[in-house]
file work-v3.cif (mmCIF, C-alpha atoms and all ligand atoms)
data_my_file
loop_
_atom_site.label_atom_id
_atom_site.label_comp_id
_atom_site.auth_asym_id
_atom_site.auth_seq_id
_atom_site.Cartn_x
_atom_site.Cartn_y
_atom_site.Cartn_z
CA MET A 183 -1.08 -20.85 1.55
CA THR A 184 -2.48 -21.56 -1.91
CA THR A 185 -2.11 -18.60 -4.22
CA THR A 186 -4.44 -16.78 -6.53
CA GLN A 187 -5.98 -17.67 -9.85
CA HIS A 188 -4.45 -14.40 -11.12
CA ASP A 189 -0.77 -14.24 -11.96
CA GLY A 190 1.20 -11.08 -11.39
CA PHE A 191 0.04 -8.05 -9.43
CA ALA A 192 -3.01 -5.85 -9.74
CA THR A 193 -2.70 -2.56 -11.59
CA GLY A 194 -2.98 0.48 -9.35
CA TRP A 195 -1.49 2.86 -6.81
CA TYR A 196 0.37 1.28 -3.89
CA VAL A 197 1.68 2.88 -0.71
CA ILE A 198 5.43 2.30 -0.48
CA ALA A 199 6.29 4.64 2.41
CA THR A 200 4.89 7.38 4.58
CA ALA A 201 6.08 10.91 3.82
CA ASP A 202 7.89 10.79 7.17
CA ASP A 203 9.75 7.62 6.18
CA LEU A 204 11.16 9.58 3.27
CA GLY A 205 12.50 12.74 4.92
CA ALA A 206 14.72 15.38 3.32
CA GLN A 207 17.73 13.78 1.54
CA ALA A 208 16.50 10.31 2.45
CA VAL A 209 17.28 7.15 0.49
CA LEU A 210 15.08 4.10 1.11
CA PRO A 211 15.80 0.64 -0.24
CA LEU A 212 12.54 -1.14 -1.05
CA ARG A 213 11.53 -4.63 -2.06
CA TYR A 214 8.13 -4.70 -3.78
CA PHE A 215 6.49 -6.54 -6.70
CA GLY A 216 9.36 -9.06 -6.62
CA ARG A 217 11.82 -6.30 -7.45
CA SER A 218 14.34 -4.09 -5.73
CA LEU A 219 13.42 -0.40 -5.84
CA VAL A 220 14.90 2.72 -4.36
CA ALA A 221 13.00 5.80 -3.18
CA PHE A 222 14.79 9.10 -2.62
CA ARG A 223 14.00 12.72 -1.97
CA GLY A 224 16.38 15.16 -3.61
CA ALA A 225 16.81 18.91 -3.43
CA SER A 226 13.52 19.63 -5.23
CA GLY A 227 11.66 17.93 -2.36
CA ALA A 228 9.84 15.57 -4.73
CA ALA A 229 9.69 11.88 -3.85
CA ARG A 230 11.18 9.68 -6.58
CA VAL A 231 11.22 5.93 -7.08
CA LEU A 232 13.59 4.07 -9.41
CA ASP A 233 14.52 0.46 -10.11
CA ALA A 234 17.33 -0.12 -7.67
CA HIS A 235 20.04 -1.83 -9.68
CA CYS A 236 22.53 0.44 -11.36
CA PRO A 237 22.82 -0.04 -15.15
CA HIS A 238 26.61 0.17 -14.84
CA LEU A 239 27.72 -2.87 -12.83
CA GLY A 240 24.55 -3.52 -10.90
CA ALA A 241 25.01 -2.07 -7.42
CA ASP A 242 21.84 -1.41 -5.42
CA LEU A 243 21.33 2.36 -5.36
CA GLY A 244 19.30 2.00 -2.18
CA VAL A 245 22.11 0.40 -0.18
CA GLY A 246 24.76 3.03 0.38
CA GLY A 247 23.48 5.37 -2.34
CA THR A 248 23.34 9.06 -1.39
CA VAL A 249 21.39 12.09 -2.47
CA VAL A 250 23.41 14.76 -4.27
CA GLU A 251 21.39 17.82 -5.27
CA ASP A 252 18.36 16.38 -7.06
CA THR A 253 20.01 13.07 -7.94
CA ILE A 254 20.97 9.79 -6.35
CA ARG A 255 24.61 8.72 -6.47
CA CYS A 256 25.50 5.07 -6.84
CA PRO A 257 27.63 3.73 -3.96
CA PHE A 258 29.90 1.75 -6.32
CA HIS A 259 31.42 4.18 -8.91
CA ALA A 260 29.43 7.36 -8.17
CA TRP A 261 27.37 7.55 -11.33
CA ARG A 262 24.45 9.88 -10.62
CA PHE A 263 20.81 9.46 -11.70
CA ASP A 264 18.03 12.02 -11.74
CA GLY A 265 14.42 11.40 -10.72
CA ASP A 266 13.57 10.26 -14.26
CA GLY A 267 16.22 7.56 -13.95
CA GLN A 268 18.60 9.20 -16.42
CA CYS A 269 22.32 9.12 -15.67
CA VAL A 270 23.46 12.75 -15.53
CA ASP A 271 27.03 12.42 -14.30
CA ILE A 272 29.91 9.93 -14.49
CA PRO A 273 32.75 11.52 -12.58
CA TYR A 274 35.62 9.65 -14.27
CA ALA A 275 34.38 9.25 -17.88
CA ARG A 276 36.88 10.66 -20.39
CA SER A 277 34.21 11.82 -22.80
CA PRO A 278 31.40 14.09 -21.58
CA LYS A 279 28.93 11.91 -23.45
CA ILE A 280 26.93 9.63 -21.16
CA PRO A 281 26.10 6.19 -22.63
CA ALA A 282 22.53 6.16 -24.00
CA ARG A 283 21.63 3.07 -22.02
CA ALA A 284 22.78 4.55 -18.71
CA CYS A 285 19.31 4.84 -17.23
CA VAL A 286 17.03 2.97 -14.87
CA ARG A 287 13.27 2.77 -14.86
CA ALA A 288 11.48 5.57 -13.00
CA TRP A 289 8.12 4.67 -11.46
CA PRO A 290 5.13 7.05 -11.47
CA VAL A 291 4.92 8.52 -7.96
CA ARG A 292 2.29 10.49 -6.06
CA GLU A 293 2.70 11.96 -2.61
CA ARG A 294 -0.70 12.55 -1.07
CA ASN A 295 -2.27 12.52 2.39
CA GLY A 296 1.17 12.08 3.97
CA LEU A 297 1.80 8.89 1.99
CA VAL A 298 4.03 8.01 -0.95
CA PHE A 299 2.46 5.89 -3.70
CA VAL A 300 3.86 4.20 -6.79
CA TRP A 301 1.84 3.12 -9.78
CA TYR A 302 2.24 -0.52 -10.74
CA ASP A 303 1.09 -1.79 -14.11
CA GLY A 304 2.43 -5.04 -15.52
CA LEU A 305 1.96 -3.71 -19.05
CA GLY A 306 3.59 -0.35 -18.35
CA ARG A 307 0.43 1.71 -18.86
CA ALA A 308 0.03 5.18 -17.36
CA PRO A 309 -2.12 5.81 -14.25
CA SER A 310 -5.84 5.57 -14.94
CA TYR A 311 -7.16 7.14 -11.72
CA GLU A 312 -5.92 9.43 -8.96
CA ILE A 313 -5.70 9.20 -5.18
CA PRO A 314 -8.24 11.58 -3.60
CA VAL A 315 -7.17 14.14 -1.01
CA ILE A 316 -8.25 13.47 2.59
CA GLU A 317 -9.35 16.93 3.69
CA GLU A 318 -8.77 16.24 7.37
CA HIS A 319 -5.11 15.36 6.84
CA GLY A 320 -3.01 18.31 7.98
CA SER A 321 -5.94 20.00 9.74
CA PRO A 322 -5.16 21.26 13.27
CA GLU A 323 -8.40 19.65 14.42
CA TRP A 324 -7.01 16.20 13.65
CA THR A 325 -3.95 14.24 14.71
CA GLY A 326 -1.48 13.13 12.04
CA TRP A 327 -1.24 9.49 11.03
CA THR A 328 0.04 6.85 13.35
CA VAL A 329 1.00 4.09 10.96
CA SER A 330 1.95 0.53 11.72
CA LYS A 331 3.41 -1.86 9.15
CA MET A 332 3.11 -5.62 9.21
CA THR A 333 4.66 -8.25 6.98
CA ILE A 334 2.10 -10.96 6.25
CA ARG A 335 2.51 -14.24 4.38
CA THR A 336 -0.55 -13.99 2.20
CA GLN A 337 -1.74 -12.64 -1.13
CA PRO A 338 -3.65 -9.37 -1.74
CA ARG A 339 -6.97 -11.02 -2.55
CA GLU A 340 -7.32 -12.29 1.00
CA ILE A 341 -7.00 -8.75 2.34
CA ILE A 342 -9.43 -7.38 -0.22
CA GLU A 343 -12.05 -10.00 0.56
CA ASN A 344 -12.68 -8.42 3.98
CA VAL A 345 -14.64 -5.72 2.10
CA ALA A 346 -17.49 -8.11 1.46
CA ASP A 347 -16.96 -10.85 4.04
CA LYS A 348 -19.79 -9.95 6.34
CA GLY A 349 -19.80 -13.36 8.05
CA HIS A 350 -16.32 -13.17 9.59
CA PHE A 351 -16.88 -10.11 11.79
CA PRO A 352 -18.63 -11.80 14.73
CA THR A 353 -16.41 -14.89 14.58
CA VAL A 354 -13.00 -13.34 14.06
CA HIS A 355 -13.44 -9.88 15.57
CA GLY A 356 -16.28 -10.33 18.06
CA THR A 357 -18.10 -7.46 16.33
CA HIS A 358 -21.88 -7.28 16.19
CA ILE A 359 -23.05 -6.09 12.76
CA ASP A 360 -26.43 -4.32 12.41
CA GLU A 361 -26.06 -2.96 8.90
CA PHE A 362 -23.77 -4.01 6.08
CA ASP A 363 -23.73 -3.32 2.39
CA ASN A 364 -21.31 -2.98 -0.50
CA GLU A 365 -21.20 -0.87 -3.59
CA PHE A 366 -18.76 -1.26 -6.48
CA VAL A 367 -18.28 1.74 -8.75
CA ASP A 368 -15.49 1.89 -11.32
CA HIS A 369 -12.19 1.55 -9.44
CA MET A 370 -13.89 2.00 -6.04
CA ALA A 371 -15.28 -0.64 -3.69
CA VAL A 372 -17.33 0.69 -0.80
CA GLN A 373 -18.36 -1.02 2.41
CA ARG A 374 -20.91 0.66 4.66
CA SER A 375 -21.50 -0.91 8.00
CA ALA A 376 -22.77 -0.18 11.47
CA GLY A 377 -22.74 -2.18 14.65
CA VAL A 378 -21.06 -2.59 17.99
CA ALA A 379 -17.39 -3.46 18.48
CA TYR A 380 -16.28 -5.13 21.67
CA PRO A 381 -12.60 -4.23 22.08
CA ARG A 382 -10.65 -7.12 23.55
CA GLY A 383 -9.58 -4.89 26.42
CA GLY A 384 -13.22 -4.49 27.52
CA GLY A 385 -16.12 -2.11 26.94
CA SER A 386 -18.15 -1.58 23.79
CA ASP A 387 -18.04 0.92 20.97
CA ARG A 388 -20.97 1.66 18.67
CA PHE A 389 -19.68 2.52 15.21
CA ARG A 390 -20.81 3.50 11.76
CA LEU A 391 -18.33 3.49 8.93
CA THR A 392 -17.80 3.89 5.23
CA ALA A 393 -14.66 2.16 3.97
CA THR A 394 -13.66 2.81 0.36
CA TYR A 395 -10.98 1.11 -1.68
CA TYR A 396 -9.57 3.47 -4.28
CA GLY A 397 -8.10 0.91 -6.64
CA PRO A 398 -6.94 -2.55 -5.57
CA ALA A 399 -4.73 -1.76 -2.60
CA TYR A 400 -5.55 1.47 -0.74
CA GLN A 401 -8.60 1.82 1.49
CA VAL A 402 -9.77 4.86 3.45
CA THR A 403 -12.30 4.46 6.25
CA VAL A 404 -14.42 7.29 7.62
CA MET A 405 -15.64 6.10 11.00
CA ASP A 406 -17.93 7.62 13.59
CA SER A 407 -17.49 5.97 16.93
CA LEU A 408 -16.46 6.99 20.43
CA LEU A 409 -13.63 8.85 18.71
CA PRO A 410 -14.31 10.07 15.16
CA ASN A 411 -11.46 8.72 13.09
CA ARG A 412 -10.00 8.13 9.65
CA LEU A 413 -8.19 4.93 8.86
CA ILE A 414 -6.02 3.82 6.00
CA ASN A 415 -5.46 0.20 5.19
CA ALA A 416 -2.97 -0.29 2.39
CA HIS A 417 -1.23 -3.43 1.23
CA THR A 418 1.72 -3.70 -1.12
CA PRO A 419 3.00 -7.04 -2.43
CA ILE A 420 6.61 -7.82 -1.59
CA ASP A 421 6.42 -10.85 -3.89
CA ALA A 422 3.77 -13.41 -4.84
CA HIS A 423 3.62 -14.82 -1.32
CA SER A 424 4.00 -11.93 1.09
CA LEU A 425 2.97 -8.34 1.48
CA HIS A 426 3.25 -5.30 3.70
CA LEU A 427 0.07 -4.13 5.31
CA ARG A 428 0.13 -0.54 6.49
CA PHE A 429 -2.49 0.51 8.91
CA GLY A 430 -2.87 4.19 9.80
CA VAL A 431 -5.11 6.03 12.23
CA MET A 432 -5.99 9.71 12.51
CA LEU A 433 -8.22 10.89 15.35
CA LYS A 434 -10.22 14.06 15.74
CA ARG A 435 -8.64 16.08 18.53
CA VAL A 436 -10.90 16.09 21.54
CA GLY A 437 -8.22 17.02 24.07
CA PRO A 438 -4.63 18.07 24.61
CA ASP A 439 -1.72 16.40 22.80
CA ASP A 440 -0.71 13.97 25.55
CA LYS A 441 -4.31 12.78 25.87
CA MET A 442 -4.55 12.30 22.10
CA ALA A 443 -1.27 10.40 22.09
CA ARG A 444 -2.66 8.00 24.71
CA TYR A 445 -5.96 7.64 22.83
CA THR A 446 -4.15 7.01 19.55
CA GLU A 447 -1.90 4.42 21.11
CA ALA A 448 -4.82 2.56 22.69
CA TYR A 449 -6.84 2.80 19.51
CA ILE A 450 -4.00 1.54 17.31
CA HIS A 451 -3.48 -1.30 19.75
CA ASN A 452 -7.14 -2.31 19.44
CA LEU A 453 -7.07 -2.14 15.67
CA GLN A 454 -3.81 -4.04 15.47
CA SER A 455 -5.26 -6.80 17.64
CA GLY A 456 -8.19 -6.87 15.20
CA PHE A 457 -5.79 -7.32 12.29
CA ALA A 458 -3.78 -9.93 14.14
CA GLU A 459 -7.00 -11.94 14.35
CA ASP A 460 -7.34 -11.79 10.56
CA VAL A 461 -3.64 -12.54 10.00
CA GLN A 462 -3.82 -15.89 11.72
CA VAL A 463 -6.56 -16.93 9.31
CA TRP A 464 -4.90 -15.40 6.22
CA GLU A 465 -1.51 -17.01 6.80
CA ASN A 466 -2.95 -20.49 7.10
CA LYS A 467 -5.95 -20.62 4.78
CA ALA A 468 -6.23 -22.00 1.26
CA TRP A 469 -7.54 -19.82 -1.53
CA ARG A 470 -10.81 -21.05 -2.99
CA ASP A 471 -11.49 -19.98 -6.56
CA ARG A 472 -14.90 -21.60 -6.22
CA PRO A 473 -15.95 -21.25 -2.60
CA THR A 474 -19.13 -22.84 -1.31
CA LEU A 475 -21.17 -19.86 -0.14
CA CYS A 476 -24.50 -19.42 1.65
CA ASP A 477 -27.10 -16.67 1.32
CA GLY A 478 -25.79 -14.72 4.32
CA ASP A 479 -22.27 -14.39 3.00
CA GLY A 480 -22.46 -10.97 1.37
CA ALA A 481 -21.23 -9.82 -2.01
CA ILE A 482 -18.09 -11.94 -2.31
CA GLY A 483 -18.80 -12.77 -5.98
CA ALA A 484 -19.39 -9.12 -6.85
CA LEU A 485 -16.21 -8.13 -5.03
CA ARG A 486 -14.19 -10.68 -7.01
CA ARG A 487 -15.63 -9.43 -10.30
CA TRP A 488 -14.73 -5.85 -9.28
CA TYR A 489 -11.17 -6.87 -8.39
CA ARG A 490 -10.66 -8.67 -11.70
CA GLN A 491 -10.66 -5.30 -13.52
CA PHE A 492 -7.19 -4.57 -12.10
CA TYR A 493 -5.65 -7.45 -14.03
CA PRO A 494 -4.88 -7.05 -17.70
CA ALA A 495 -7.10 -9.14 -19.98
CA ALA A 496 -6.35 -12.86 -20.06
CA GLY A 497 -3.76 -13.51 -22.72
CA ALA A 498 -2.17 -10.10 -22.23
CA MET A 499 -1.65 -10.96 -18.59
CA PRO A 500 2.01 -11.11 -17.62
CA GLY A 501 2.82 -14.55 -16.20
CA ALA A 502 4.20 -14.88 -12.69
CA ALA A 503 7.64 -15.68 -14.12
CA ALA A 504 7.63 -12.48 -16.15
CA GLN A 505 7.14 -10.55 -12.92
CA GLN A 506 10.56 -11.50 -11.72
CA GLU A 507 13.11 -8.81 -11.56
CA GLY A 508 14.66 -7.65 -14.78
CA THR A 509 12.41 -9.59 -17.12
CA THR A 510 9.79 -6.93 -17.83
S1 LIG A 601 27.59 0.02 -10.33
FE1 LIG A 601 26.68 1.95 -10.13
S2 LIG A 601 28.19 3.31 -10.73
FE2 LIG A 601 29.10 1.37 -11.04
FE FE A 602 -11.25 -8.82 9.27
#

call {"tool": "encode", "arguments": {"input": "work-v3.cif", "output": "structure tokens", "more": "lines below"}}
Ligand code: FES
Ligand SMILES: [Fe+2]
result
Amino acid sequence: MTTTQHDGFATGWYVIATADDLGAQAVLPLRYFGRSLVAFRGASGAARVLDAHCPHLGADLGVGGTVVEDTIRCPFHAWRFDGDGQCVDIPYARSPKIPARACVRAWPVRERNGLVFVWYDGLGRAPSYEIPVIEEHGSPEWTGWTVSKMTIRTQPREIIENVADKGHFPTVHGTHIDEFDNEFVDHMAVQRSAGVAYPRGGGSDRFRLTATYYGPAYQVTVMDSLLPNRLINAHTPIDAHSLHLRFGVMLKRVGPDDKMARYTEAYIHNLQSGFAEDVQVWENKAWRDRPTLCDGDGAIGALRRWYRQFYPAAGAMPGAAAQQEGTT
């Protein structure tokens, strides 16, 4: 895989876990953006994300760390850190004064729609947009999310490009497209399409959908088809060469729970097979900064211009090396 013309990672909100992954008192070790992070949920119930390595002697808070009240306790010498990353207790220190530098970076976090997001910005700027609420999430008329997570050896721009890549649907997915258009507004990229999907297991499914990226890495799809559904498609870079892709499905309840469970399973299976078809291409393709396009290709240029906004201006852009752990 050839990587991107952009160094570093795009500024925005990224899904790092589902709310269920981070239950009460949970500690989750994470590896994202070329760094080790730790997520935890303390007594307040709020999800928190910190840099993982303890400022004392460097243990990973996510590996053997435990939640104590609203703090996380380091597995090595039991220093405790609150959700802002401040050390609040050293059990064996002779003076009550905690060293001023005993803190780790706390990441901006949002928990919304049953998902936990962190804000990444290479220049350390505050969030510039918010994640909208999905009204159907939590409604008794809808199932909850069924989320699958894949590790893919590719870079985020390949995933994003699906928004505008009208030409790949028949070839890669066997989907017939009747209508297709894109709209790019501020931090949102919208794809509206309609057509007929031919699931690999047989049959056909007429669909109409609106898929919206809110920022560079989190897409929500509102789809009318055989089963009205909501999808999330969220990618989060592990490092410059690999990412996690989370794919979630919610279905409108049209029957009892066991029936919905079967529907959801079959539906997820279909969608996962669809993604697997993309993955094979993504993991083996080269990135073209200057692709040779034809007039039927869709708004790939406009999509790339839209995506560029999530990178700090050239010159201020952190280099790939600066993205390595501990250097920013
Ligand atoms: S390394 Fe964390 S308390 Fe010592
Ligand atoms: Fe695709």

call {"tool": "residues_near_ligand", "arguments": {"input": "work-v3.cif", "ligand": "ligand LIG 601 (chain A)", "cutoff": "7 Å", "atoms": "only C-alpha atoms and all ligand atoms", "output": "number ranges by chain"}}
result
A: 236-241, 256-261

call {"tool": "closest_residue", "arguments": {"input": "work-v3.cif", "among": "A:Val245, A:Ala379, A:Val431, A:Ile272", "to": "Thr357 (chain A)", "atoms": "all atoms listed in the file"}}
result
A:Ala379

call {"tool": "residues_near_ligand", "arguments": {"input": "work-v3.cif", "ligand": "ligand FE 602 (chain A)", "cutoff": "7 Å", "atoms": "only C-alpha atoms and all ligand atoms", "output": "PyMOL selection string"}}
result
chain A and resi 344+350-351+354-355+456-457+460

call {"tool": "write_last_selection", "arguments": {"input": "work-v3.cif", "atoms": "C-alpha atoms", "output": "compact mmCIF listing (two decimals), in the frame of the given file"}}
result
# COMPACT_ATOMS: atom_id res chain seq x y z
CA ASN A 344 -12.68 -8.42 3.98
CA HIS A 350 -16.32 -13.17 9.59
CA PHE A 351 -16.88 -10.11 11.79
CA VAL A 354 -13.00 -13.34 14.06
CA HIS A 355 -13.44 -9.88 15.57
CA GLY A 456 -8.19 -6.87 15.20
CA PHE A 457 -5.79 -7.32 12.29
CA ASP A 460 -7.34 -11.79 10.56

call {"tool": "atom_distance", "arguments": {"input": "work-v3.cif", "atom1": "CA of Val463 (chain A)", "atom2": "CA of Ser386 (chain A)"}}
result
24.1 Å

call {"tool": "closest_residue", "arguments": {"input": "work-v3.cif", "among": "A:Ala371, A:Ile482, A:Leu413, A:Ile254", "to": "Gly349 (chain A)", "atoms": "all atoms listed in the file"}}
result
A:Ile482

call {"tool": "closest_residue", "arguments": {"input": "work-v3.cif", "among": "A:Ile334, A:Ile420, A:Leu409, A:Val402", "to": "Phe191 (chain A)", "atoms": "only C-alpha atoms"}}
result
A:Ile420

call {"tool": "closest_residue", "arguments": {"input": "work-v3.cif", "among": "A:Ala481, A:Val291, A:Ala192, A:Leu212", "to": "Phe362 (chain A)", "atoms": "only C-alpha atoms"}}
result
A:Ala481

call {"tool": "closest_residue", "arguments": {"input": "work-v3.cif", "among": "A:Phe429, A:Phe366, A:Tyr396, A:Tyr274", "to": "Tyr449 (chain A)", "atoms": "only C-alpha atoms"}}
result
A:Phe429

call {"tool": "atom_distance", "arguments": {"input": "work-v3.cif", "atom1": "CA of Ala229 (chain A)", "atom2": "CA of Val286 (chain A)"}}
result
16.0 Å

call {"tool": "closest_residue", "arguments": {"input": "work-v3.cif", "among": "A:Ala225, A:Ala376, A:Ile280, A:Leu408", "to": "Ala393 (chain A)", "atoms": "only C-alpha atoms"}}
result
A:Ala376

call {"tool": "residues_near_point", "arguments": {"input": "work-v3.cif", "point": "(13.6, 1.6, -1.5)", "cutoff": "9 Å", "atoms": "all atoms listed in the file", "output": "ChimeraX atom specification"}}
result
/A:198-199,209-214,218-222,231-234,243-245
